[in-house]
Amino acid sequence: ESSARRLAVLKQQLTKENIKTHIISQKMTYSKKDFKTKVVYQEEVLDALRNNEPVVALESTIISHGMPYPQNVETAKRVEATVRKYGAVPATIAILEGRVCIGLSDEDLEVLGKRGKSVTKCSRRDLGLVIGRKGYGATTVAATMILAHRAGIKVFVTGGIGGVHYDGENTMDISADLNELGKTPLCVISAGVKSILDIGRTLEYLETQGVAVGAYQSEDFPAFFTRKSGYKPHCIFKSPQDVANTISETHKLGLRSGILCAVPVPKEYEADSEPLEEATQQALKEANSKGIKGKDITPFLLKRIAEITKGNSLDANIALVLNNAKVGAQIAAAYSKLLNKTSNVSV
């Protein structure tokens with residue numbers, strides 16, 4: 001189904017009576033009644049979707065599991081403000097009391113921030129369980145992609161995606177983010193792959209999944225805290241318009257795979273690679289000795305690296321997320337203009 005057709009259907013469905021909750025996609029497995037009781041759209045987001053204005057999806061795991069309170073909420077608000085500053089509407093996605101929320105209020109952000117790690121970290125496998133139990137869920141990259149795509153959002157900003165963990169060929173510890181990128185047509189803006197992961201194997205896995213991987217205005221694939229990983233990207237994205245064109249043509253071809261736009265952390269916030277690598281190796285050894293695995297390992301490693309580097313890595317983390325929000329908003333704005341131009345020509 002073409003983007004123009006989806007927008008036409010969307011506009012027909014959106015009325016003043018159901019401005020808060022409604023169905024976006026008939027492909028969801030819920031009945032119309034059940035879907036309307038489970039999904040809530042923030043009015044600002046819904047208005048933007050109605051008018052084909054740029055919207056940027058944001059994950060919520062960084063709020064509940066990425067930073068301590070109140071820094072987590074403060075950072076989330078700064079990210080949303082950055083998205084608005086550069087011409088798009090932010091849509092932070094989470095599950096609150098069993099309802100999928102597309103866009104959060106300040107009060108919602110506070111709830112997630114204060115509940116912290118008691119909130120379930122939701123990937124694809126967890127969505128039905130948390131919604132069915134009317135629980136609270138913070139969406140990972142994979143879960144955010146699923147829900148953003150169902151809502152009709154094309155651009156999603158995060159800090160860094162998951163990937164293949166070291167020794168992954170033996171442990172099979174591979175993030176669900178990679179499979180989701182292979183089957184959900186969304187453009188993900190990140191600072192590359194988290195530096196705690198096996199970047200080389202992660203890029204090989206993404207190639208197998210058919211994901212277009214591009215570095216933004218850089219010849220080197222970024223490694224989260226640092227601008228260079230030593231690996232070359234599949235392509236180099238030259239501008240927001242370049243990425244927008246790629247999104248548009250990908251959808252026209254009917255491809256179901258995603259796009260990864262890897263944005264290097266700003267130079268002034270780049271971490272020193274040598275002490276960062278030492279901190280990473282120390283954190284990995286500690287995780288191994290404590291038997292920390294699965295979904296718990298990434299939050300543990302990032303926290304320990306921040307502690308070992310005395311907060312330097314956390315400063316870089318915040319800076320890269322804000323920079324990603326800037327670039328993501330610019331891409332969403334460029335794609336919106338392109339879509340509107342195409343719609344006007346077809347009319």
# chains A, B, ... in the order shown; residues from 1 in each chain; ligands from 1
>>> residues_around(residues="segment 187-197 of chain A", least_positions_apart="5", cutoff="9 Å", atoms="only C-alpha atoms", output="NGL selection string")
:A and (141 or 145 or 154-166 or 181 or 202-203 or 215 or 221-227 or 229 or 243 or 247 or 258-265 or 277 or 280-281 or 284 or 298 or 301-302 or 320-321 or 323-325 or 327-328)
>>> write_last_selection(atoms="N, CA and C atoms", output="compact mmCIF listing (two decimals), in the first residue's frame")
# COMPACT_ATOMS: atom_id res chain seq x y z
N VAL A 141 14.57 -0.60 21.16
CA VAL A 141 14.61 -0.24 19.75
C VAL A 141 13.62 -1.10 18.96
N MET A 145 10.21 0.32 17.15
CA MET A 145 10.06 0.20 15.70
C MET A 145 8.70 -0.37 15.32
N LYS A 154 7.67 7.26 10.27
CA LYS A 154 8.73 6.72 9.40
C LYS A 154 10.13 6.87 9.97
N VAL A 155 10.33 7.77 10.94
CA VAL A 155 11.67 8.07 11.45
C VAL A 155 11.70 7.86 12.96
N PHE A 156 12.73 7.19 13.43
CA PHE A 156 12.86 6.85 14.84
C PHE A 156 14.28 7.18 15.30
N VAL A 157 14.38 7.93 16.38
CA VAL A 157 15.68 8.32 16.94
C VAL A 157 15.96 7.57 18.23
N THR A 158 17.16 7.03 18.35
CA THR A 158 17.61 6.38 19.57
C THR A 158 19.07 6.74 19.82
N GLY A 159 19.64 6.22 20.91
CA GLY A 159 21.05 6.47 21.17
C GLY A 159 21.91 5.56 20.32
N GLY A 160 21.82 4.27 20.59
CA GLY A 160 22.55 3.28 19.80
C GLY A 160 21.76 2.00 19.76
N ILE A 161 21.88 1.26 18.69
CA ILE A 161 21.13 0.00 18.58
C ILE A 161 21.89 -1.13 19.27
N GLY A 162 21.18 -2.21 19.55
CA GLY A 162 21.82 -3.40 20.06
C GLY A 162 22.51 -4.14 18.94
N GLY A 163 23.14 -5.26 19.26
CA GLY A 163 23.85 -5.98 18.21
C GLY A 163 24.31 -7.35 18.68
N VAL A 164 25.36 -7.83 18.06
CA VAL A 164 25.95 -9.10 18.42
C VAL A 164 26.94 -8.87 19.56
N HIS A 165 26.74 -9.58 20.68
CA HIS A 165 27.65 -9.42 21.81
C HIS A 165 28.94 -10.20 21.55
N TYR A 166 29.99 -9.78 22.24
CA TYR A 166 31.25 -10.51 22.14
C TYR A 166 31.02 -11.97 22.56
N LEU A 181 15.15 -4.68 12.43
CA LEU A 181 15.61 -3.84 11.32
C LEU A 181 15.46 -4.57 9.99
N THR A 202 28.10 -7.47 14.01
CA THR A 202 26.80 -6.81 13.94
C THR A 202 26.53 -6.30 12.53
N LEU A 203 27.52 -5.69 11.91
CA LEU A 203 27.35 -5.19 10.54
C LEU A 203 27.15 -6.34 9.56
N ALA A 215 26.53 5.67 7.12
CA ALA A 215 27.08 6.61 8.09
C ALA A 215 26.72 8.02 7.62
N PHE A 221 32.11 4.03 10.08
CA PHE A 221 30.93 3.71 10.88
C PHE A 221 31.21 4.07 12.34
N PRO A 222 30.36 4.86 12.98
CA PRO A 222 30.60 5.29 14.37
C PRO A 222 30.40 4.17 15.38
N ALA A 223 31.05 4.33 16.53
CA ALA A 223 30.98 3.32 17.59
C ALA A 223 30.43 3.92 18.88
N PHE A 224 29.28 4.57 18.77
CA PHE A 224 28.56 5.11 19.91
C PHE A 224 29.34 6.25 20.59
N PHE A 225 30.22 5.95 21.55
CA PHE A 225 30.95 6.99 22.25
C PHE A 225 32.06 7.61 21.40
N THR A 226 32.48 6.93 20.37
CA THR A 226 33.56 7.42 19.51
C THR A 226 33.08 7.53 18.07
N ARG A 227 33.74 8.38 17.30
CA ARG A 227 33.29 8.68 15.94
C ARG A 227 33.69 7.60 14.92
N SER A 229 34.84 3.44 14.24
CA SER A 229 34.92 2.07 14.73
C SER A 229 36.00 1.26 14.01
N VAL A 243 18.79 10.99 2.94
CA VAL A 243 18.14 9.93 3.72
C VAL A 243 16.65 9.86 3.40
N ILE A 247 14.42 6.68 2.11
CA ILE A 247 13.19 6.19 2.75
C ILE A 247 12.07 6.09 1.73
N GLY A 258 14.42 -2.26 7.18
CA GLY A 258 14.63 -0.91 7.65
C GLY A 258 15.91 -0.29 7.12
N ILE A 259 16.14 0.93 7.58
CA ILE A 259 17.32 1.71 7.21
C ILE A 259 18.00 2.15 8.49
N LEU A 260 19.31 2.01 8.56
CA LEU A 260 20.06 2.48 9.72
C LEU A 260 20.94 3.65 9.31
N CYS A 261 20.67 4.81 9.87
CA CYS A 261 21.47 6.01 9.64
C CYS A 261 22.33 6.25 10.88
N ALA A 262 23.62 6.00 10.76
CA ALA A 262 24.53 6.07 11.90
C ALA A 262 25.21 7.45 11.95
N VAL A 263 24.92 8.19 13.01
CA VAL A 263 25.41 9.56 13.15
C VAL A 263 26.54 9.61 14.18
N PRO A 264 27.72 10.07 13.80
CA PRO A 264 28.83 10.15 14.76
C PRO A 264 28.54 11.13 15.90
N VAL A 265 29.00 10.80 17.10
CA VAL A 265 28.87 11.71 18.23
C VAL A 265 29.63 13.00 17.91
N GLU A 277 38.03 1.83 26.07
CA GLU A 277 38.19 0.41 25.80
C GLU A 277 38.59 -0.34 27.07
N THR A 280 35.52 -0.64 29.15
CA THR A 280 34.61 -1.62 28.56
C THR A 280 35.05 -3.04 28.90
N GLN A 281 36.34 -3.32 28.76
CA GLN A 281 36.86 -4.65 29.05
C GLN A 281 36.69 -5.00 30.53
N LEU A 284 33.02 -5.77 31.10
CA LEU A 284 32.68 -7.07 30.54
C LEU A 284 33.12 -8.21 31.46
N THR A 298 23.30 -5.02 28.91
CA THR A 298 23.58 -3.69 28.35
C THR A 298 23.43 -2.58 29.38
N LEU A 301 26.48 -2.81 31.73
CA LEU A 301 27.74 -2.38 31.13
C LEU A 301 27.82 -0.86 30.99
N LEU A 302 26.72 -0.25 30.52
CA LEU A 302 26.73 1.20 30.35
C LEU A 302 26.88 1.92 31.69
N LEU A 320 25.22 12.59 22.29
CA LEU A 320 24.94 11.88 21.04
C LEU A 320 23.45 11.70 20.81
N VAL A 321 22.70 11.49 21.89
CA VAL A 321 21.25 11.36 21.73
C VAL A 321 20.64 12.67 21.25
N ASN A 323 22.17 15.00 19.56
CA ASN A 323 22.60 15.20 18.18
C ASN A 323 21.79 14.33 17.23
N ASN A 324 21.51 13.10 17.63
CA ASN A 324 20.67 12.21 16.82
C ASN A 324 19.27 12.79 16.66
N ALA A 325 18.75 13.41 17.73
CA ALA A 325 17.42 14.01 17.67
C ALA A 325 17.38 15.16 16.66
N VAL A 327 19.38 15.49 13.94
CA VAL A 327 19.46 14.93 12.60
C VAL A 327 18.16 14.21 12.23
N GLY A 328 17.59 13.47 13.18
CA GLY A 328 16.34 12.75 12.92
C GLY A 328 15.20 13.69 12.58
>>> select_by_dssp(residues="segment 164-274 of chain A", states="helix (DSSP H, G or I)", output="ChimeraX atom specification")
/A:168-171,176-183,199-208,240-252,267-269,273-274
>>> closest_residue(among="A:Ser313, A:Gly98, A:Lys293, A:Ala333", to="Glu53 of chain A", atoms="only C-alpha atoms")
A:Ala333
>>> closest_residue(among="A:Ala88, A:Leu127, A:Ala329, A:Leu314", to="Pro68 of chain A", atoms="only C-alpha atoms")
A:Leu314
>>> residues_around(residues="Ser257 of chain A", least_positions_apart="4", cutoff="8 Å", atoms="only C-alpha atoms", output="PyMOL selection string")
chain A and resi 181-186+209-211
>>> residues_around(residues="segment 108-111 of chain A", least_positions_apart="5", cutoff="8 Å", atoms="only C-alpha atoms", output="ChimeraX atom specification")
/A:63,73,76
>>> write_last_selection(atoms="N, CA, C and O atoms", output="PDB file, in the first residue's frame")
ATOM      1  N   ILE A  63      14.799   6.038  29.357  1.00  0.00           N
ATOM      2  CA  ILE A  63      14.252   6.744  30.516  1.00  0.00           C
ATOM      3  C   ILE A  63      14.242   5.848  31.739  1.00  0.00           C
ATOM      4  O   ILE A  63      14.714   6.220  32.821  1.00  0.00           O
ATOM      5  N   VAL A  73      14.567  11.852  33.168  1.00  0.00           N
ATOM      6  CA  VAL A  73      13.427  12.665  32.718  1.00  0.00           C
ATOM      7  C   VAL A  73      13.911  13.971  32.095  1.00  0.00           C
ATOM      8  O   VAL A  73      13.388  14.415  31.058  1.00  0.00           O
ATOM      9  N   ALA A  76      15.137  13.192  28.643  1.00  0.00           N
ATOM     10  CA  ALA A  76      14.018  12.910  27.742  1.00  0.00           C
ATOM     11  C   ALA A  76      13.349  14.201  27.274  1.00  0.00           C
ATOM     12  O   ALA A  76      13.015  14.344  26.087  1.00  0.00           O
TER      13      ALA A  76
END
>>> atom_distance(atom1="atom CA of Gln42 of chain A", atom2="atom CA of Ile102 of chain A")
6.3 Å
>>> residues_around(residues="Ala283 of chain A", least_positions_apart="5", cutoff="12 Å", atoms="only C-alpha atoms", output="ChimeraX atom specification")
/A:196,276-278,288-290,292,297-309
>>> write_last_selection(atoms="N, CA and C atoms", output="short mmCIF file (atom, residue, chain, number, x, y, z; two decimals), in the first residue's frame")
data_model
loop_
_atom_site.label_atom_id
_atom_site.label_comp_id
_atom_site.auth_asym_id
_atom_site.auth_seq_id
_atom_site.Cartn_x
_atom_site.Cartn_y
_atom_site.Cartn_z
N ILE A 196 30.06 -1.51 23.34
CA ILE A 196 30.25 -2.72 24.16
C ILE A 196 30.01 -3.99 23.34
N LEU A 276 38.36 4.31 27.31
CA LEU A 276 37.01 3.77 27.12
C LEU A 276 37.08 2.27 26.88
N GLU A 277 38.03 1.83 26.07
CA GLU A 277 38.19 0.41 25.80
C GLU A 277 38.59 -0.34 27.07
N GLU A 278 39.44 0.27 27.87
CA GLU A 278 39.85 -0.35 29.13
C GLU A 278 38.65 -0.49 30.07
N ASN A 288 30.67 -10.90 33.36
CA ASN A 288 30.87 -12.34 33.21
C ASN A 288 31.00 -13.03 34.56
N SER A 289 31.77 -12.41 35.48
CA SER A 289 31.98 -13.01 36.80
C SER A 289 30.70 -13.04 37.63
N LYS A 290 29.80 -12.08 37.37
CA LYS A 290 28.55 -12.00 38.10
C LYS A 290 27.42 -12.76 37.41
N ILE A 292 25.87 -11.97 34.64
CA ILE A 292 24.86 -11.07 34.08
C ILE A 292 24.77 -11.32 32.58
N ILE A 297 22.38 -7.18 30.56
CA ILE A 297 23.81 -6.90 30.39
C ILE A 297 24.09 -5.50 29.87
N THR A 298 23.30 -5.02 28.91
CA THR A 298 23.58 -3.69 28.35
C THR A 298 23.43 -2.58 29.38
N PRO A 299 22.32 -2.53 30.16
CA PRO A 299 22.25 -1.49 31.21
C PRO A 299 23.39 -1.59 32.22
N PHE A 300 23.77 -2.82 32.57
CA PHE A 300 24.86 -3.00 33.53
C PHE A 300 26.16 -2.45 32.97
N LEU A 301 26.48 -2.81 31.73
CA LEU A 301 27.74 -2.38 31.13
C LEU A 301 27.82 -0.86 30.99
N LEU A 302 26.72 -0.25 30.52
CA LEU A 302 26.73 1.20 30.35
C LEU A 302 26.88 1.92 31.69
N LYS A 303 26.23 1.39 32.71
CA LYS A 303 26.35 1.99 34.04
C LYS A 303 27.76 1.87 34.59
N ARG A 304 28.36 0.68 34.45
CA ARG A 304 29.71 0.48 34.97
C ARG A 304 30.74 1.30 34.20
N ILE A 305 30.56 1.42 32.89
CA ILE A 305 31.49 2.23 32.09
C ILE A 305 31.40 3.69 32.51
N ALA A 306 30.18 4.16 32.78
CA ALA A 306 30.01 5.54 33.24
C ALA A 306 30.70 5.74 34.59
N GLU A 307 30.59 4.74 35.47
CA GLU A 307 31.23 4.83 36.78
C GLU A 307 32.75 4.82 36.66
N ILE A 308 33.26 3.92 35.84
CA ILE A 308 34.71 3.78 35.68
C ILE A 308 35.32 5.02 35.03
N THR A 309 34.61 5.59 34.06
CA THR A 309 35.11 6.78 33.36
C THR A 309 34.72 8.08 34.08
#
>>> atom_distance(atom1="atom CA of Leu49 of chain A", atom2="atom CA of Ser239 of chain A")
23.8 Å
>>> select_by_dssp(residues="segment 254-320 of chain A", states="strand (DSSP E)", output="list of chain:residue names")
A:Ile259, A:Leu260, A:Cys261, A:Ala262
>>> write_last_selection(atoms="C-alpha atoms", output="PDB file, in the first residue's frame")
ATOM      1  CA  ILE A 259      17.322   1.710   7.207  1.00  0.00           C
ATOM      2  CA  LEU A 260      20.058   2.482   9.719  1.00  0.00           C
ATOM      3  CA  CYS A 261      21.473   6.008   9.635  1.00  0.00           C
ATOM      4  CA  ALA A 262      24.528   6.073  11.898  1.00  0.00           C
TER       5      ALA A 262
END
>>> closest_residue(among="A:Arg125, A:Glu59, A:Tyr86, A:Gly132", to="Gly103 of chain A", atoms="only C-alpha atoms")
A:Glu59
>>> residues_around(residues="Leu147 of chain A", least_positions_apart="4", cutoff="8 Å", atoms="only C-alpha atoms", output="ChimeraX atom specification")
/A:93,143,151
>>> write_last_selection(atoms="N, CA and C atoms", output="mmCIF file, in the first residue's frame")
data_model
loop_
_atom_site.group_PDB
_atom_site.id
_atom_site.type_symbol
_atom_site.label_atom_id
_atom_site.label_comp_id
_atom_site.auth_asym_id
_atom_site.auth_seq_id
_atom_site.Cartn_x
_atom_site.Cartn_y
_atom_site.Cartn_z
ATOM 1 N N ILE A 93 7.405 6.659 22.892
ATOM 2 C CA ILE A 93 6.491 5.511 22.919
ATOM 3 C C ILE A 93 6.742 4.653 24.155
ATOM 4 N N ALA A 143 10.888 -2.893 19.904
ATOM 5 C CA ALA A 143 9.476 -2.638 20.213
ATOM 6 C C ALA A 143 9.040 -1.261 19.723
ATOM 7 N N ALA A 151 1.912 2.989 13.754
ATOM 8 C CA ALA A 151 1.305 4.321 13.896
ATOM 9 C C ALA A 151 1.515 5.186 12.663
#
>>> atom_distance(atom1="atom CA of Lys295 of chain A", atom2="atom CA of Ala138 of chain A")
12.6 Å
>>> residues_around(residues="Glu44 of chain A", least_positions_apart="6", cutoff="9 Å", atoms="only C-alpha atoms", output="list in words")
Val89, Pro90, Ala91 and Gly103 of chain A
>>> write_last_selection(atoms="N, CA and C atoms", output="CSV table (one decimal), in the first residue's frame")
chain,number,residue,atom,x,y,z
A,89,VAL,N,7.7,16.8,15.4
A,89,VAL,CA,6.9,16.5,16.6
A,89,VAL,C,7.5,15.2,17.2
A,90,PRO,N,7.9,15.3,18.5
A,90,PRO,CA,8.4,14.1,19.1
A,90,PRO,C,7.2,13.1,19.6
A,91,ALA,N,7.4,11.8,19.4
A,91,ALA,CA,6.5,10.8,19.9
A,91,ALA,C,7.2,9.8,20.7
A,103,GLY,N,3.4,9.0,22.1
A,103,GLY,CA,3.6,10.3,22.6
A,103,GLY,C,3.2,10.4,24.1
